[in-house]
file input_26.tsv (TSV, C-alpha atoms)
chain	number	residue	atom	x	y	z
R	257	MET	CA	119.27	41.63	102.48
R	258	LEU	CA	115.63	42.34	101.52
R	259	LYS	CA	114.81	43.19	105.12
R	260	HIS	CA	117.74	45.61	105.20
R	261	LYS	CA	116.48	47.39	102.06
R	262	LYS	CA	113.00	47.72	103.51
R	263	THR	CA	114.45	49.27	106.65
R	264	ILE	CA	116.39	51.80	104.56
R	265	LEU	CA	113.28	52.68	102.53
R	266	ILE	CA	111.18	53.09	105.68
R	267	CYS	CA	113.83	55.32	107.27
R	268	PHE	CA	114.07	57.37	104.09
R	269	ALA	CA	110.28	57.76	103.93
R	270	ILE	CA	110.18	58.83	107.58
R	271	LEU	CA	112.97	61.33	106.89
R	272	VAL	CA	111.13	62.80	103.86
R	273	ILE	CA	107.84	63.03	105.74
R	274	GLY	CA	109.55	64.59	108.75
R	275	LEU	CA	111.29	67.12	106.52
R	276	ARG	CA	107.99	67.91	104.77
R	277	LEU	CA	106.23	68.47	108.10
R	278	SER	CA	109.01	70.55	109.63
R	279	LEU	CA	109.87	72.65	106.55
R	280	PRO	CA	107.00	75.16	106.98
R	281	PHE	CA	108.10	75.82	110.58
R	282	ILE	CA	111.71	76.28	109.45
R	283	ILE	CA	110.67	78.74	106.73
R	284	LYS	CA	108.35	80.58	109.14
R	285	ASN	CA	111.14	80.99	111.70
R	286	GLN	CA	113.58	82.17	109.03
R	287	PHE	CA	111.13	84.76	107.70
R	288	GLU	CA	110.39	86.11	111.16
R	289	LYS	CA	114.05	86.08	112.13
R	290	GLY	CA	115.08	87.93	108.97
R	291	ILE	CA	112.59	90.77	109.56
R	292	ASN	CA	113.02	90.92	113.34
R	293	GLN	CA	116.76	91.48	112.90
R	294	LEU	CA	116.05	94.71	111.02
R	295	PRO	CA	116.11	97.94	113.03
R	296	GLN	CA	112.66	99.37	113.82
R	297	TYR	CA	110.64	96.34	112.63
R	298	ARG	CA	108.97	93.33	114.29
R	299	CYS	CA	107.20	90.52	112.45
R	300	ASN	CA	104.55	87.93	113.35
R	301	ILE	CA	103.47	85.08	111.06
R	302	SER	CA	100.50	82.91	111.97
R	303	ASP	CA	101.25	79.95	109.71
R	304	ILE	CA	102.97	78.83	106.52
R	305	ASP	CA	101.75	76.09	104.17
R	306	LEU	CA	103.62	74.35	101.37
R	307	ILE	CA	101.56	73.08	98.43
R	308	LEU	CA	104.09	71.02	96.53
R	309	TYR	CA	101.95	70.01	93.54
R	310	ARG	CA	101.59	73.66	92.49
R	311	GLY	CA	104.95	74.88	93.77
R	312	SER	CA	103.30	77.28	96.18
R	313	LEU	CA	104.23	78.81	99.53
R	314	MET	CA	101.25	80.32	101.34
R	315	ILE	CA	101.82	82.71	104.26
R	316	ASP	CA	98.86	83.10	106.59
R	317	SER	CA	98.54	86.43	108.42
R	318	LEU	CA	101.89	88.18	108.15
R	319	GLU	CA	102.00	91.29	110.35
R	320	VAL	CA	104.81	93.83	110.45
R	321	PHE	CA	105.00	96.30	113.35
R	322	ILE	CA	107.15	99.40	113.77
R	323	THR	CA	108.90	99.21	117.14
R	324	THR	CA	109.77	102.90	117.51
R	325	ASN	CA	106.21	103.98	118.36
R	326	GLU	CA	103.28	103.04	120.57
R	327	VAL	CA	100.84	102.22	117.73
R	328	GLU	CA	99.12	98.91	118.41
R	329	GLU	CA	97.90	98.17	114.87
R	330	PRO	CA	100.43	96.67	112.43
R	331	PHE	CA	102.15	98.85	109.85
R	332	VAL	CA	101.55	96.07	107.30
R	333	ASN	CA	98.89	93.36	107.58
R	334	LEU	CA	98.91	90.63	104.92
R	335	PRO	CA	96.09	88.13	105.64
R	336	LEU	CA	97.13	85.88	102.75
R	337	THR	CA	100.31	85.85	100.67
R	338	ASP	CA	100.71	83.26	97.92
R	339	ILE	CA	104.20	82.85	96.44
R	340	SER	CA	104.32	80.31	93.64
R	341	ILE	CA	105.94	79.24	90.39
R	342	GLU	CA	104.47	81.03	87.37
R	343	TRP	CA	103.68	78.00	85.25
R	344	SER	CA	102.79	79.98	82.13
R	345	ALA	CA	106.36	81.33	81.96
R	346	LEU	CA	107.74	77.79	81.77
R	347	PHE	CA	106.50	77.60	78.17
R	348	ASP	CA	108.86	80.50	77.43
R	349	GLY	CA	111.74	78.63	79.05
R	350	ALA	CA	111.82	80.78	82.20
R	351	ILE	CA	111.62	79.58	85.80
R	352	VAL	CA	110.14	82.56	87.62
R	353	GLY	CA	107.62	83.19	90.37
R	354	GLU	CA	104.56	85.22	91.16
R	355	ILE	CA	103.26	86.87	94.32
R	356	PHE	CA	99.57	87.27	95.11
R	357	LEU	CA	98.35	89.37	98.07
R	358	GLN	CA	94.74	89.07	99.22
R	359	ASP	CA	93.26	91.92	101.29
R	360	PRO	CA	96.58	93.58	102.26
R	361	LYS	CA	96.38	96.58	104.60
R	362	LEU	CA	98.95	99.36	105.06
R	363	ASN	CA	98.48	101.71	108.01
R	364	PHE	CA	100.20	105.10	108.18
R	365	ASN	CA	100.00	107.33	111.26
R	366	ASP	CA	101.07	110.92	111.78
R	367	GLY	CA	101.18	113.14	114.86
R	368	GLU	CA	103.27	113.00	118.01
R	369	LYS	CA	106.46	110.92	117.79
R	370	GLU	CA	105.01	108.02	119.80
R	371	SER	CA	102.05	107.83	117.39
R	372	GLU	CA	103.96	108.21	114.12
R	373	GLN	CA	103.99	105.20	111.82
R	374	GLN	CA	105.93	105.67	108.60
R	375	ALA	CA	108.19	103.38	106.59
R	376	GLY	CA	111.87	103.73	107.44
R	377	ASP	CA	114.93	103.56	105.21
R	378	THR	CA	115.26	99.79	105.74
R	379	ASP	CA	113.35	97.55	103.31
R	380	TRP	CA	111.48	94.97	105.41
R	381	THR	CA	110.53	92.93	102.31
R	382	GLN	CA	114.15	92.10	101.40
R	383	PRO	CA	114.60	89.20	103.88
R	384	ILE	CA	111.55	87.48	102.38
R	385	LEU	CA	112.62	88.11	98.77
R	386	ASP	CA	116.11	86.80	99.57
R	387	MET	CA	114.60	83.45	100.61
R	388	ILE	CA	112.51	83.04	97.44
R	389	PRO	CA	114.57	80.86	95.05
R	390	VAL	CA	113.13	82.42	91.86
R	391	ARG	CA	112.79	85.95	90.54
R	392	ILE	CA	109.32	87.47	90.76
R	393	ASN	CA	107.78	87.95	87.32
R	394	ARG	CA	104.13	88.64	88.23
R	395	PHE	CA	102.77	90.64	91.15
R	396	GLU	CA	99.08	90.96	92.04
R	397	ILE	CA	97.13	92.72	94.80
R	398	LYS	CA	93.43	92.05	95.35
R	399	ASN	CA	91.21	94.27	97.51
R	400	GLY	CA	94.01	96.11	99.30
R	401	SER	CA	93.65	99.19	101.48
R	402	LEU	CA	95.81	102.09	102.68
R	403	ASN	CA	94.85	104.02	105.78
R	404	PHE	CA	96.16	107.37	107.03
R	405	LYS	CA	95.42	108.51	110.58
R	406	ASN	CA	96.38	111.30	112.92
R	407	LYS	CA	94.74	110.81	116.30
R	408	THR	CA	96.50	113.79	117.89
R	409	SER	CA	95.48	116.47	115.39
R	410	SER	CA	92.48	118.75	115.77
R	411	PRO	CA	90.26	117.39	114.38
R	412	PRO	CA	91.55	113.78	114.22
R	413	VAL	CA	92.21	112.58	110.67
R	414	ASN	CA	91.17	109.21	109.26
R	415	LEU	CA	91.40	108.74	105.48
R	416	SER	CA	91.31	105.49	103.52
R	417	ILE	CA	92.04	104.14	100.06
R	418	THR	CA	90.10	100.90	99.53
R	419	ASN	CA	89.37	98.25	96.89
R	420	TRP	CA	92.96	98.54	95.69
R	421	ASP	CA	93.70	96.11	92.85
R	422	LEU	CA	97.02	95.85	91.05
R	423	ILE	CA	98.46	93.57	88.40
R	424	ALA	CA	102.04	93.86	87.15
R	425	THR	CA	103.26	91.28	84.62
R	426	ASN	CA	106.46	90.24	82.85
R	427	LEU	CA	108.56	92.06	85.46
R	428	THR	CA	111.68	90.03	84.67
R	429	ASN	CA	111.02	90.05	80.92
R	430	ALA	CA	110.48	86.29	81.10
R	431	THR	CA	108.85	86.24	77.66
R	432	ASP	CA	112.14	87.51	76.20
R	433	ASN	CA	110.33	90.49	74.75
R	434	THR	CA	112.46	92.87	72.68
R	435	GLU	CA	110.16	95.82	73.40
R	436	GLN	CA	111.62	98.76	75.28
R	437	LEU	CA	108.83	98.57	77.89
R	438	PRO	CA	108.10	94.84	78.26
R	439	SER	CA	106.23	94.96	81.59
R	440	SER	CA	102.62	96.04	82.04
R	441	LEU	CA	100.96	97.69	85.02
R	442	THR	CA	97.29	98.23	85.84
R	443	THR	CA	96.06	99.46	89.20
R	444	SER	CA	92.82	100.95	90.47
R	445	ALA	CA	91.36	101.98	93.82
R	446	ASN	CA	88.57	103.85	95.56
R	447	ILE	CA	89.82	107.12	97.06
R	448	PHE	CA	87.84	107.81	100.23
R	449	ASP	CA	84.13	107.10	99.68
R	450	SER	CA	83.55	108.84	96.35
R	451	GLY	CA	86.74	108.93	94.29
R	452	LYS	CA	87.96	106.50	91.66
R	453	ALA	CA	91.60	106.23	90.62
R	454	ARG	CA	93.28	104.26	87.84
R	455	ILE	CA	96.87	104.02	86.59
R	456	SER	CA	97.92	101.95	83.60
R	457	GLY	CA	100.86	101.66	81.27
R	458	ASN	CA	104.10	99.86	80.52
R	459	LEU	CA	107.48	99.72	82.24
R	460	ASN	CA	110.99	98.35	82.15
R	461	ILE	CA	111.96	97.84	85.78
R	462	ILE	CA	114.98	95.66	85.00
R	463	LYS	CA	117.02	98.80	84.44
R	464	LYS	CA	118.68	100.49	87.41
R	465	MET	CA	116.63	103.58	86.56
R	466	PRO	CA	113.30	102.12	85.35
R	467	ASP	CA	111.72	103.38	82.15
R	468	MET	CA	107.95	103.88	82.04
R	469	ASP	CA	105.01	105.24	80.09
R	470	LEU	CA	101.94	105.71	82.30
R	471	SER	CA	98.59	107.45	82.26
R	472	TYR	CA	96.56	108.17	85.37
R	473	LYS	CA	93.12	109.46	86.24
R	474	LEU	CA	91.60	110.37	89.58
R	475	GLU	CA	88.10	111.73	89.52
R	476	SER	CA	84.96	112.50	91.48
R	477	ILE	CA	86.45	113.03	94.92
R	478	ASP	CA	83.94	114.80	97.13
R	479	LEU	CA	86.12	117.46	98.77
R	480	THR	CA	83.98	117.54	101.91
R	481	GLU	CA	85.39	114.08	102.68
R	482	THR	CA	88.81	115.70	103.13
R	483	ASN	CA	87.65	118.37	105.60
R	484	ASP	CA	89.22	116.76	108.65
R	485	PHE	CA	92.55	116.72	106.80
R	486	THR	CA	92.32	120.29	105.45
R	487	LYS	CA	91.20	121.63	108.84
R	488	ALA	CA	94.06	119.89	110.64
R	489	TYR	CA	96.83	120.69	108.14
R	490	ALA	CA	95.69	123.85	106.28
R	491	SER	CA	93.08	125.52	108.53
R	492	PHE	CA	90.21	125.57	106.04
R	493	ASP	CA	87.40	123.30	104.93
R	494	PHE	CA	85.14	122.79	101.93
R	495	GLU	CA	81.42	123.47	102.01
R	496	LYS	CA	81.09	121.58	98.73
R	497	GLY	CA	83.08	120.68	95.64
R	498	TYR	CA	84.73	117.90	93.66
R	499	PHE	CA	88.31	117.25	92.64
R	500	ALA	CA	89.90	115.39	89.72
R	501	ILE	CA	93.43	114.97	88.45
R	502	ILE	CA	94.41	113.62	85.04
R	503	GLY	CA	97.83	113.13	83.54
R	504	GLU	CA	100.46	111.24	81.61
R	505	TYR	CA	104.04	110.47	82.60
R	506	ALA	CA	106.91	109.04	80.57
R	507	MET	CA	110.50	108.47	81.71
R	508	ARG	CA	113.53	107.24	79.79
R	509	ASP	CA	116.99	107.02	81.40
R	510	GLY	CA	115.83	109.42	84.11
R	511	LYS	CA	114.58	112.01	81.61
R	512	ILE	CA	110.88	112.78	81.98
R	513	LYS	CA	108.02	114.23	79.99
R	514	GLY	CA	104.41	114.60	81.01
R	515	TYR	CA	101.65	116.76	82.38
R	516	ILE	CA	99.16	116.99	85.25
R	517	LYS	CA	95.66	118.49	84.98
R	518	PRO	CA	94.11	119.27	88.38
R	519	VAL	CA	90.41	120.17	88.14
R	520	LEU	CA	88.14	121.66	90.84
R	521	GLU	CA	84.38	121.73	90.24
R	522	HIS	CA	81.50	123.42	92.08
R	523	VAL	CA	83.82	124.44	94.89
R	524	LYS	CA	82.62	126.48	97.83
R	525	ILE	CA	85.13	127.07	100.61
R	526	LEU	CA	83.57	129.74	102.83
R	527	ASP	CA	80.18	129.68	104.50
R	528	MET	CA	79.58	133.12	106.06
R	529	ASN	CA	76.81	131.65	108.21
R	530	GLU	CA	79.37	129.66	110.22
R	531	ASP	CA	81.40	131.38	112.91
R	532	LYS	CA	84.99	130.17	112.52
R	533	GLY	CA	86.94	133.10	113.97
R	534	THR	CA	88.15	136.26	112.25
R	535	LEU	CA	91.56	135.03	111.07
R	536	ASN	CA	90.20	131.70	109.88
R	537	THR	CA	87.36	133.44	108.04
R	538	LEU	CA	89.82	135.82	106.30
R	539	TRP	CA	92.07	132.91	105.32
R	540	GLN	CA	89.18	130.92	103.87
R	541	ALA	CA	87.87	134.02	102.10
R	542	PHE	CA	91.30	134.52	100.48
R	543	ILE	CA	91.43	130.92	99.22
R	544	GLY	CA	87.84	131.12	98.05
R	545	GLY	CA	88.54	134.40	96.27
R	546	ILE	CA	91.47	132.96	94.30
R	547	THR	CA	89.31	130.00	93.26
R	548	GLU	CA	86.45	132.28	92.24
R	549	LEU	CA	88.73	134.64	90.30
R	550	THR	CA	90.00	131.90	87.98
R	551	GLU	CA	86.77	129.93	87.72
R	552	ASN	CA	85.13	129.05	84.44
R	553	GLN	CA	81.64	130.33	85.23
R	554	LYS	CA	79.90	128.27	82.57
R	555	LYS	CA	81.18	124.96	83.96
R	556	ASP	CA	81.75	126.15	87.54
R	557	GLN	CA	85.28	124.79	87.23
R	558	THR	CA	88.80	125.86	88.19
R	559	ALA	CA	91.63	124.01	86.46
R	560	THR	CA	95.11	124.29	85.02
R	561	LYS	CA	97.70	122.16	83.25
R	562	VAL	CA	101.18	121.60	84.67
R	563	THR	CA	103.79	120.50	82.13
R	564	LEU	CA	106.58	118.27	83.42
R	565	SER	CA	110.07	118.04	81.91
R	566	GLY	CA	113.71	117.64	82.91
R	567	ASP	CA	114.89	114.63	84.92
R	568	VAL	CA	113.93	112.88	88.13
R	569	SER	CA	116.44	114.85	90.19
R	570	ASN	CA	115.27	118.21	88.83
R	571	VAL	CA	111.70	118.31	87.52
R	572	ASP	CA	110.97	121.53	85.66
R	573	THR	CA	107.56	123.21	85.82
R	574	ASP	CA	106.84	126.53	84.12
R	575	VAL	CA	105.06	128.76	86.67
R	576	LEU	CA	104.01	131.23	83.97
R	577	ASP	CA	102.56	128.36	81.93
R	578	ILE	CA	100.60	127.15	84.97
R	579	ILE	CA	99.14	130.62	85.54
R	580	THR	CA	98.38	131.03	81.83
R	581	ASN	CA	96.54	127.71	81.74
R	582	LEU	CA	94.65	128.66	84.89
R	583	PHE	CA	93.22	131.73	83.20
R	584	LYS	CA	92.81	129.91	79.88
R	585	ASN	CA	90.50	127.46	81.63
R	586	GLY	CA	88.66	130.33	83.31
R	587	PHE	CA	88.15	132.69	80.40
R	588	ILE	CA	88.79	130.90	77.10
R	589	GLU	CA	88.00	127.19	77.16
R	590	ALA	CA	87.53	124.84	80.10
R	591	PHE	CA	89.82	121.83	80.31
R	592	ASP	CA	88.12	118.46	80.03
R	593	LYS	CA	88.75	115.58	82.42
R	594	GLU	CA	90.08	113.17	79.82
R	595	ILE	CA	93.56	111.82	79.13
R	596	GLU	CA	94.95	113.64	76.09
R	597	ASN	CA	97.23	110.85	74.77
R	598	THR	CA	99.82	113.48	73.86
R	599	VAL	CA	102.77	111.97	75.76
R	600	ASP	CA	104.71	109.12	74.16
R	601	PHE	CA	107.74	107.30	75.54
R	602	LYS	CA	109.40	107.57	72.15
R	603	ASP	CA	109.31	111.39	72.43
R	604	VAL	CA	111.44	111.42	75.59
R	605	PRO	CA	115.05	112.18	74.62
R	606	LYS	CA	117.59	109.40	75.20
R	607	GLU	CA	120.45	109.86	77.64

call {"tool": "encode", "arguments": {"input": "input_26.tsv", "output": "C-alpha cells"}}
result
Amino acid sequence: MLKHKKTILICFAILVIGLRLSLPFIIKNQFEKGINQLPQYRCNISDIDLILYRGSLMIDSLEVFITTNEVEEPFVNLPLTDISIEWSALFDGAIVGEIFLQDPKLNFNDGEKESEQQAGDTDWTQPILDMIPVRINRFEIKNGSLNFKNKTSSPPVNLSITNWDLIATNLTNATDNTEQLPSSLTTSANIFDSGKARISGNLNIIKKMPDMDLSYKLESIDLTETNDFTKAYASFDFEKGYFAIIGEYAMRDGKIKGYIKPVLEHVKILDMNEDKGTLNTLWQAFIGGITELTENQKKDQTATKVTLSGDVSNVDTDVLDIITNLFKNGFIEAFDKEIENTVDFKDVPKE
C-alpha cells in the first residue's frame, strides 16, 4: 500500500513538473497563434518565462509585423514585457494585474504602398489581453521610442520620439475610489533631439466614453530638425527657429473644454542666399511674410491661442478668436509658454 502511494506521488510530481516546463511553450504558441490569425499581422516571440513566486509572465522579444507591405523591420518590437499580479492592490481586496514594457519600439512608415506601415483597424493586442486572467490596473512604459520614416520621399524622412516613459495607475479603480477621475497618467518623451514633451492628469477609462482632465507641454523643438519632413510634405524648410505647444484638455461624457497655445520663436524660413527655384522661393517668402507680420518683435515670437469646445464628434474652434489672439500676441502682449491652469473638469457641462 505504501509503495502504491509513493508511486502515485512520484507520478503526480512528474506531471506537475512536466506541466510547469511545458506551460511557457503552450502560452507562447497560443499568443503567436492568436495574433497570426488576425488579418494583416504576423507575430514572433523568442521566449516566455513563468515566475510563479511573484505571479509573473515575462515575454522575451515580442515582434509584430504587418504582412501587407515589404518593410523588414517590425511594426512593434517589445524586447521585454512583464505581466504580473499587482500585489499592492490585494490590500484593497482586488485581484488585478500590471503590465511593464521595457524599451518598446513602434515603427511607422509612409510612402509607396509596399513601404507603408500603419496600424490597421484590427487590434493586435486583444488576443494577448484575452489570455490574461486578470484585469490590468497598472501600465508602465520605460524608455520607449516611436519612429516615423518615409524612404521614398524627397528628401527621405526619419523622425524619432525617444526616452518615452509612461505610468498609468488605478485603471480599473481597484482602490474603490469614489472620485470622478480615479486613474492617473504621467508620460514624458524627447521629441527629436531637442524637444521635451510631458502630459499629466487624471482619467476615468472605465466608462465607454472616458472622462479626463489633462495638461500637456511640448517645448524647445529646434525646427531645423524637421526640415526633411517639411521639405517632403510642405515644400519649405526652416533656416532657424523653435516651436512649443502648451495646453489643457478636459472631457466629460464626450463634451470637451480646453485650449492649445502654439508658439514659434526666432523663426526664419527663407534664406535668399540659397537658390531653391522661383516657385519654391515665392512659397517660402509667403509663409515667412505671414510669420513676420504677426510676430511680437520684442520677443521675436509668433503665437496664438486656440479655444476648444463642443464634443468629440464636433470640436468647435473660433477662427476669429484664433486670428485675434495671433495679433494680440504680436502687438499687445506676448503669450508665455506656461500652462494657465484655467481648465477644470468640473467646468465641463454634464451630458

call {"tool": "axis_aligned_box", "arguments": {"input": "input_26.tsv", "around": "stretch 458-477 of chain R", "padding_each_side": "3 Å", "output": "lines of an AutoDock Vina configuration file"}}
result
center_x = 101.8
center_y = 104.3
center_z = 87.5
size_x = 39.7
size_y = 23.4
size_z = 20.8

call {"tool": "residues_around", "arguments": {"input": "input_26.tsv", "residues": "R:Gly353", "least_positions_apart": "2", "cutoff": "10 Å", "atoms": "only C-alpha atoms", "output": "MDAnalysis selection string"}}
result
chainID R and resid 311:312 339:343 345 350:351 355 388:395 428

call {"tool": "closest_residue", "arguments": {"input": "input_26.tsv", "among": "R:Pro335, R:Gly367, R:Pro330, R:Gly290", "to": "R:Thr408", "atoms": "all atoms listed in the file"}}
result
R:Gly367

call {"tool": "atom_distance", "arguments": {"input": "input_26.tsv", "atom1": "atom CA of R:Phe321", "atom2": "atom CA of R:Arg298"}}
result
5.0 Å

call {"tool": "closest_residue", "arguments": {"input": "input_26.tsv", "among": "R:Val352, R:Leu357, R:Met465, R:Ile301", "to": "R:Asp509", "atoms": "all atoms listed in the file"}}
result
R:Met465

call {"tool": "closest_residue", "arguments": {"input": "input_26.tsv", "among": "R:Leu308, R:Ala506, R:Val568, R:Ile516", "to": "R:Pro605", "atoms": "all atoms listed in the file"}}
result
R:Ala506

call {"tool": "closest_residue", "arguments": {"input": "input_26.tsv", "among": "R:Pro466, R:Gly497, R:Pro295, R:Gly566", "to": "R:Thr378", "atoms": "all atoms listed in the file"}}
result
R:Pro295

call {"tool": "atom_distance", "arguments": {"input": "input_26.tsv", "atom1": "atom CA of R:Thr425", "atom2": "atom CA of R:Phe404"}}
result
28.5 Å

call {"tool": "atom_distance", "arguments": {"input": "input_26.tsv", "atom1": "atom CA of R:Ser410", "atom2": "atom CA of R:Leu474"}}
result
27.5 Å

call {"tool": "closest_residue", "arguments": {"input": "input_26.tsv", "among": "R:Val571, R:Leu479, R:Ile304, R:Asn446", "to": "R:Asn285", "atoms": "all atoms listed in the file"}}
result
R:Ile304

call {"tool": "closest_residue", "arguments": {"input": "input_26.tsv", "among": "R:Val604, R:Lys593, R:Lys463, R:Phe485", "to": "R:Lys511", "atoms": "all atoms listed in the file"}}
result
R:Val604

call {"tool": "residues_around", "arguments": {"input": "input_26.tsv", "residues": "R:Ile315", "least_positions_apart": "3", "cutoff": "7 Å", "atoms": "only C-alpha atoms", "output": "MDAnalysis selection string"}}
result
chainID R and resid 303:305 318 336:338

call {"tool": "residues_around", "arguments": {"input": "input_26.tsv", "residues": "R:Ile461", "least_positions_apart": "6", "cutoff": "8 Å", "atoms": "all atoms listed in the file", "output": "ChimeraX atom specification"}}
result
/R:427-428,439,467

call {"tool": "build_atoms", "arguments": {"input": "input_26.tsv", "residues": "stretch 309-317 of chain R", "atoms": "all heavy atoms", "output": "compact mmCIF listing (two decimals), keeping the file's coordinate frame"}}
result
# COMPACT_ATOMS: atom_id res chain seq x y z
N TYR R 309 102.39 70.32 94.90
CA TYR R 309 101.95 70.01 93.54
C TYR R 309 101.82 71.25 92.66
O TYR R 309 101.88 71.15 91.43
CB TYR R 309 100.64 69.21 93.57
CG TYR R 309 99.42 70.03 93.91
CD1 TYR R 309 98.69 70.69 92.92
CD2 TYR R 309 98.97 70.13 95.22
CE1 TYR R 309 97.56 71.42 93.24
CE2 TYR R 309 97.85 70.87 95.55
CZ TYR R 309 97.15 71.51 94.55
OH TYR R 309 96.04 72.25 94.88
N ARG R 310 101.64 72.43 93.29
CA ARG R 310 101.59 73.66 92.49
C ARG R 310 102.77 74.59 92.77
O ARG R 310 102.78 75.73 92.33
CB ARG R 310 100.27 74.40 92.71
CG ARG R 310 99.98 74.80 94.12
CD ARG R 310 98.59 75.45 94.22
NE ARG R 310 98.56 76.73 93.52
CZ ARG R 310 98.66 77.91 94.15
NH1 ARG R 310 98.80 77.95 95.47
NH2 ARG R 310 98.61 79.03 93.47
N GLY R 311 103.75 74.09 93.49
CA GLY R 311 104.95 74.88 93.77
C GLY R 311 104.64 76.18 94.48
O GLY R 311 105.12 77.24 94.10
N SER R 312 103.82 76.08 95.53
CA SER R 312 103.30 77.28 96.18
C SER R 312 103.68 77.32 97.65
O SER R 312 103.67 76.31 98.35
CB SER R 312 101.78 77.33 96.04
OG SER R 312 101.22 78.40 96.76
N LEU R 313 103.99 78.52 98.12
CA LEU R 313 104.23 78.81 99.53
C LEU R 313 103.19 79.83 99.95
O LEU R 313 103.16 80.95 99.44
CB LEU R 313 105.64 79.37 99.73
CG LEU R 313 105.99 79.90 101.12
CD1 LEU R 313 106.09 78.75 102.11
CD2 LEU R 313 107.30 80.68 101.09
N MET R 314 102.33 79.45 100.90
CA MET R 314 101.25 80.32 101.34
C MET R 314 101.52 80.78 102.77
O MET R 314 101.68 79.96 103.68
CB MET R 314 99.90 79.61 101.24
CG MET R 314 99.55 79.17 99.83
SD MET R 314 97.88 78.50 99.68
CE MET R 314 96.91 79.98 99.90
N ILE R 315 101.57 82.12 102.95
CA ILE R 315 101.82 82.71 104.26
C ILE R 315 100.50 83.22 104.81
O ILE R 315 99.84 84.06 104.18
CB ILE R 315 102.84 83.86 104.16
CG1 ILE R 315 104.14 83.37 103.51
CG2 ILE R 315 103.13 84.43 105.54
CD1 ILE R 315 105.16 84.47 103.27
N ASP R 316 100.13 82.73 105.96
CA ASP R 316 98.86 83.10 106.59
C ASP R 316 99.11 84.16 107.65
O ASP R 316 99.84 83.94 108.62
CB ASP R 316 98.22 81.85 107.21
CG ASP R 316 96.88 82.17 107.86
OD1 ASP R 316 96.27 83.19 107.51
OD2 ASP R 316 96.44 81.37 108.71
N SER R 317 98.51 85.33 107.44
CA SER R 317 98.54 86.43 108.42
C SER R 317 99.96 86.84 108.78
O SER R 317 100.46 86.54 109.87
CB SER R 317 97.77 86.03 109.68
OG SER R 317 97.68 87.13 110.56
